[in-house]
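Below you'll find the structure, written out as structure tokens, and then a few comments.
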Amino acid sequence: MTMRVGFALPYLNHVAHEVSRTAEFAREAEKAGAASLWVGDRNFAAVNPKVGAGGFGSTIPVEYRTAADPFVVLGVAAAATERVKLGSHVLIAPVYPPAQLARSLTTIDLISKGRLLPGFGIGWSPEEFEGANLDFRRRGARMDELLDALELLWTQDPVEYHGKHIELPLQYAPLKPVHKPRPPIYIGGLAGAALKRVGERADGWLPAFAVPDFVDVETVLAQRAQIDAYATEAGRDPADIDTIMRINPSPGVPFQQTADVIKRTAERTGIDHFMVEYMSLPDVDASLQTVTEILALIERG
């Protein structure tokens, strides 16, 4: 199996303060052999959150307090590279107006000449939806309509859409992505509704492991089986649904341990594309060391 390993761009926590080095990081990571470069999405971290990170507990880690704009960071990386895929793992898609989201992603796809891998999630922070004047309880339904609207915005001109949660007046939409008919849409999430959405309409799934606290291959295999069943029920070929696994090592986890998790997971699941995100690295130099060290360990087998 040919292994593809990608890495997070400098968009989060300490490295976000060095976002001016994004182009440098992207070029060096590509030169080192990275297969893909990624951003996540935090609009803000509430001081007194109603829900904790990931929808659990009542606290949000300090790492989430500082986040650069994911669209700008991806655009800079797109202009600085030639080969790597450029992805979001994940954008909190329902908080964005569909025309704005389509325009931003189309622009990145055009700059990169078709290397965009847009990944979406419904989010877990009520405050982020409140900040966008949206109903957090309707985020799943809004996501479904958003996917419908993006399909139209990326494939038709003129275009209009009229849903319960999203309204697109008839508008011109001549700027289209390089990907035809549209960029492949990846969806993150582990809950039943998310797995159903992946199986019924996504081009790919974005699960995640936290190392060493949460590495559960059996659960991933069971969740993938659910996705495949939903796909079959919808008349789709499960083999057409890709999987890219995110690995989040905790502070102090050795590079070798991260590489071993990647290799073991690949052997057990058949997943061949991973992205690595150390969220507590002190600077971009440390991030680049992560890239070179892990790629070398994977290459050595």
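Identifiers for the structure tokens are assigned positionally: chains receive A, B, ... in sequence, residues are indexed from 1 per chain, and ligands are indexed from 1 in the order shown.
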
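Residues in contact with Ser104 of chain A at up to 9 Å, not including ones fewer than 3 positions away on its chain and judged by only C-alpha atoms, are A:Phe71, A:Val72, A:Gly75, A:Ala99, A:Gln100, A:Leu101, A:Thr107, A:Ile108, A:Asp109.
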
Restrict the selected residues to N, CA and C atoms and save them as a PDB file, in the first residue's frame.
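Dumped everything to again16.pdb:
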ATOM      1  N   PHE A  71      -9.516  30.006   5.040  1.00  0.00           N
ATOM      2  CA  PHE A  71      -9.557  30.246   3.601  1.00  0.00           C
ATOM      3  C   PHE A  71      -8.309  30.997   3.137  1.00  0.00           C
ATOM      4  N   VAL A  72      -7.897  31.984   3.915  1.00  0.00           N
ATOM      5  CA  VAL A  72      -6.687  32.733   3.563  1.00  0.00           C
ATOM      6  C   VAL A  72      -5.471  31.816   3.620  1.00  0.00           C
ATOM      7  N   GLY A  75      -5.417  29.507   0.708  1.00  0.00           N
ATOM      8  CA  GLY A  75      -5.100  30.243  -0.511  1.00  0.00           C
ATOM      9  C   GLY A  75      -3.615  30.517  -0.647  1.00  0.00           C
ATOM     10  N   ALA A  99     -23.222  31.104  -0.744  1.00  0.00           N
ATOM     11  CA  ALA A  99     -22.561  31.781  -1.865  1.00  0.00           C
ATOM     12  C   ALA A  99     -21.142  32.185  -1.487  1.00  0.00           C
ATOM     13  N   GLN A 100     -20.954  32.648  -0.243  1.00  0.00           N
ATOM     14  CA  GLN A 100     -19.623  33.014   0.225  1.00  0.00           C
ATOM     15  C   GLN A 100     -18.727  31.790   0.300  1.00  0.00           C
ATOM     16  N   LEU A 101     -19.253  30.692   0.863  1.00  0.00           N
ATOM     17  CA  LEU A 101     -18.468  29.470   0.994  1.00  0.00           C
ATOM     18  C   LEU A 101     -18.062  28.936  -0.369  1.00  0.00           C
ATOM     19  N   THR A 107     -12.289  29.766  -5.421  1.00  0.00           N
ATOM     20  CA  THR A 107     -11.078  30.545  -5.633  1.00  0.00           C
ATOM     21  C   THR A 107      -9.838  29.735  -5.279  1.00  0.00           C
ATOM     22  N   ILE A 108      -9.887  29.027  -4.154  1.00  0.00           N
ATOM     23  CA  ILE A 108      -8.748  28.192  -3.757  1.00  0.00           C
ATOM     24  C   ILE A 108      -8.524  27.074  -4.762  1.00  0.00           C
ATOM     25  N   ASP A 109      -9.596  26.462  -5.248  1.00  0.00           N
ATOM     26  CA  ASP A 109      -9.458  25.391  -6.226  1.00  0.00           C
ATOM     27  C   ASP A 109      -8.843  25.915  -7.526  1.00  0.00           C
TER      28      ASP A 109
END

Report task. Using DSSP on the backbone coordinates, identify the residues of segment 3-137 of chain A assigned to alpha helix (DSSP H); present them as a PyMOL selection string. Result -> chain A and resi 22-32+70-80+98-111+126-131

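With only C-alpha atoms as the atoms that count, the minimum distance from Arg115 of chain A to the choices A:Leu170, A:Leu37, A:Ile60, A:Ala266 is reached by A:Leu37.
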
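Residue-level DSSP output for segment 45-102 of chain A, from the backbone, shows strand (DSSP E) at A:Lys85, A:Leu86, A:Gly87, A:Ser88, A:Leu91, A:Ile92.
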
Would you write out those residues with all heavy atoms, as a PDB file, in the first residue's frame?
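The result, written out as again.pdb:
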ATOM      1  N   LYS A  85      -2.237  18.103  -2.177  1.00  0.00           N
ATOM      2  CA  LYS A  85      -3.652  18.384  -2.014  1.00  0.00           C
ATOM      3  C   LYS A  85      -3.833  19.376  -0.875  1.00  0.00           C
ATOM      4  O   LYS A  85      -3.012  19.470   0.043  1.00  0.00           O
ATOM      5  CB  LYS A  85      -4.432  17.103  -1.705  1.00  0.00           C
ATOM      6  CG  LYS A  85      -4.357  16.040  -2.791  1.00  0.00           C
ATOM      7  CD  LYS A  85      -5.075  16.470  -4.051  1.00  0.00           C
ATOM      8  CE  LYS A  85      -5.122  15.328  -5.064  1.00  0.00           C
ATOM      9  NZ  LYS A  85      -5.821  15.729  -6.300  1.00  0.00           N
ATOM     10  N   LEU A  86      -4.931  20.122  -0.916  1.00  0.00           N
ATOM     11  CA  LEU A  86      -5.194  21.169   0.071  1.00  0.00           C
ATOM     12  C   LEU A  86      -6.579  20.960   0.657  1.00  0.00           C
ATOM     13  O   LEU A  86      -7.578  21.043  -0.058  1.00  0.00           O
ATOM     14  CB  LEU A  86      -5.090  22.544  -0.590  1.00  0.00           C
ATOM     15  CG  LEU A  86      -3.695  22.836  -1.181  1.00  0.00           C
ATOM     16  CD1 LEU A  86      -3.786  23.896  -2.246  1.00  0.00           C
ATOM     17  CD2 LEU A  86      -2.736  23.250  -0.086  1.00  0.00           C
ATOM     18  N   GLY A  87      -6.622  20.652   1.959  1.00  0.00           N
ATOM     19  CA  GLY A  87      -7.894  20.244   2.528  1.00  0.00           C
ATOM     20  C   GLY A  87      -8.282  20.983   3.792  1.00  0.00           C
ATOM     21  O   GLY A  87      -7.468  21.660   4.433  1.00  0.00           O
ATOM     22  N   SER A  88      -9.545  20.834   4.171  1.00  0.00           N
ATOM     23  CA  SER A  88     -10.072  21.360   5.431  1.00  0.00           C
ATOM     24  C   SER A  88     -10.628  20.194   6.235  1.00  0.00           C
ATOM     25  O   SER A  88     -11.471  19.454   5.754  1.00  0.00           O
ATOM     26  CB  SER A  88     -11.169  22.402   5.181  1.00  0.00           C
ATOM     27  OG  SER A  88     -12.216  21.880   4.383  1.00  0.00           O
ATOM     28  N   LEU A  91     -14.171  22.414   7.991  1.00  0.00           N
ATOM     29  CA  LEU A  91     -14.854  23.700   8.075  1.00  0.00           C
ATOM     30  C   LEU A  91     -16.218  23.509   8.747  1.00  0.00           C
ATOM     31  O   LEU A  91     -16.912  22.523   8.475  1.00  0.00           O
ATOM     32  CB  LEU A  91     -15.070  24.285   6.685  1.00  0.00           C
ATOM     33  CG  LEU A  91     -13.815  24.670   5.897  1.00  0.00           C
ATOM     34  CD1 LEU A  91     -14.212  25.107   4.489  1.00  0.00           C
ATOM     35  CD2 LEU A  91     -13.052  25.779   6.598  1.00  0.00           C
ATOM     36  N   ILE A  92     -16.584  24.437   9.602  1.00  0.00           N
ATOM     37  CA  ILE A  92     -17.906  24.401  10.238  1.00  0.00           C
ATOM     38  C   ILE A  92     -18.881  24.982   9.225  1.00  0.00           C
ATOM     39  O   ILE A  92     -19.321  26.133   9.303  1.00  0.00           O
ATOM     40  CB  ILE A  92     -17.909  25.187  11.553  1.00  0.00           C
ATOM     41  CG1 ILE A  92     -16.758  24.721  12.435  1.00  0.00           C
ATOM     42  CG2 ILE A  92     -19.238  24.983  12.296  1.00  0.00           C
ATOM     43  CD1 ILE A  92     -16.438  25.674  13.555  1.00  0.00           C
TER      44      ILE A  92
END

Can you build me a table of segment 62-139 of chain A residues sitting at most 12 Å from segment 192-204 of chain A, with the closest atom pair per residue and its distance in Å to one decimal, using only C-alpha atoms, sorted by chain and residue number, as a tab-separated table?
residue	atom	partner	partner_atom	distance
A:Gly87	CA	A:Gly204	CA	11.9
A:His89	CA	A:Gly204	CA	11.5
A:Leu117	CA	A:Gly204	CA	9.4
A:Pro118	CA	A:Gly204	CA	9.8
A:Gly119	CA	A:Gly204	CA	8.4
A:Phe120	CA	A:Ala202	CA	9.9
A:Gly121	CA	A:Ala194	CA	8.4
A:Ile122	CA	A:Ala194	CA	8.6
A:Gly123	CA	A:Ala194	CA	11.1
A:Arg139	CA	A:Ala193	CA	11.7

- Would you kindly return, as a count of residues only, each protein, DNA or RNA residue with an atom no farther than 8 Å from any atom of segment 145-150 of chain A, considering only C-alpha atoms and excluding same-chain residues fewer than 2 positions away? 16

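The gap separating atom CA of Gly140 of chain A from atom CA of Ala231 of chain A is 18.6 Å, in Å to one decimal.
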
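Considering only C-alpha atoms, the residue among A:Thr265, A:Thr258, A:Asn48, A:Ser20 positioned nearest to Glu127 of chain A is A:Asn48.
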
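The neighbours of Met279 of chain A here are the residues that come within 8 Å of it, using only C-alpha atoms and leaving out any residue fewer than 4 positions away in the same chain; they are Leu12, Asn13, Glu63, Asn248, Pro249, Ser250 and Pro251 of chain A.
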
So that I can see what lies close to segment 50-55 of chain A, please list as number ranges by chain the residues with an atom at most 10 Å from it, counting only C-alpha atoms and leaving out residues fewer than 2 positions away in the same chain. A: 45-48, 57-61, 64, 123-127, 189

| query | Which residues come within 12 Å of Ala296 of chain A, counting only C-alpha atoms, excluding same-chain residues fewer than 3 positions away, as a PyMOL selection string? | reply | chain A and resi 5+32-34+255-256+259+289-293+299-301

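Distance annotation: of A:Pro184, A:Gly270, A:Pro10, A:Gly114, the residue with the minimal separation from Leu221 of chain A is A:Gly270; atom set is only C-alpha atoms.
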
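Residue nearest Asp285 of chain A, chosen from A:Val76, A:Val253, A:Val261, A:Ala29 and counting only C-alpha atoms: A:Ala29.
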
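Taking atom CA of Pro207 of chain A as the reference point, atom CA of Arg264 of chain A is found at 15.6 Å.
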
One decimal place gives the atom CA of Pro70 of chain A-atom CA of Asp242 of chain A separation as 22.5 Å

query: Which polymer residues have any atom within 12 Å of an atom of Ala222 of chain A, counting only C-alpha atoms, with same-chain residues fewer than 5 positions away left out, as a ChimeraX atom specification?
result: /A:190,192,195,216-217,227-229,269

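In terms of minimum interatomic distance to Glu28 of chain A, A:Leu288 ranks closest within A:Ala8, A:Leu297, A:Ser112, A:Leu288, counting only C-alpha atoms.
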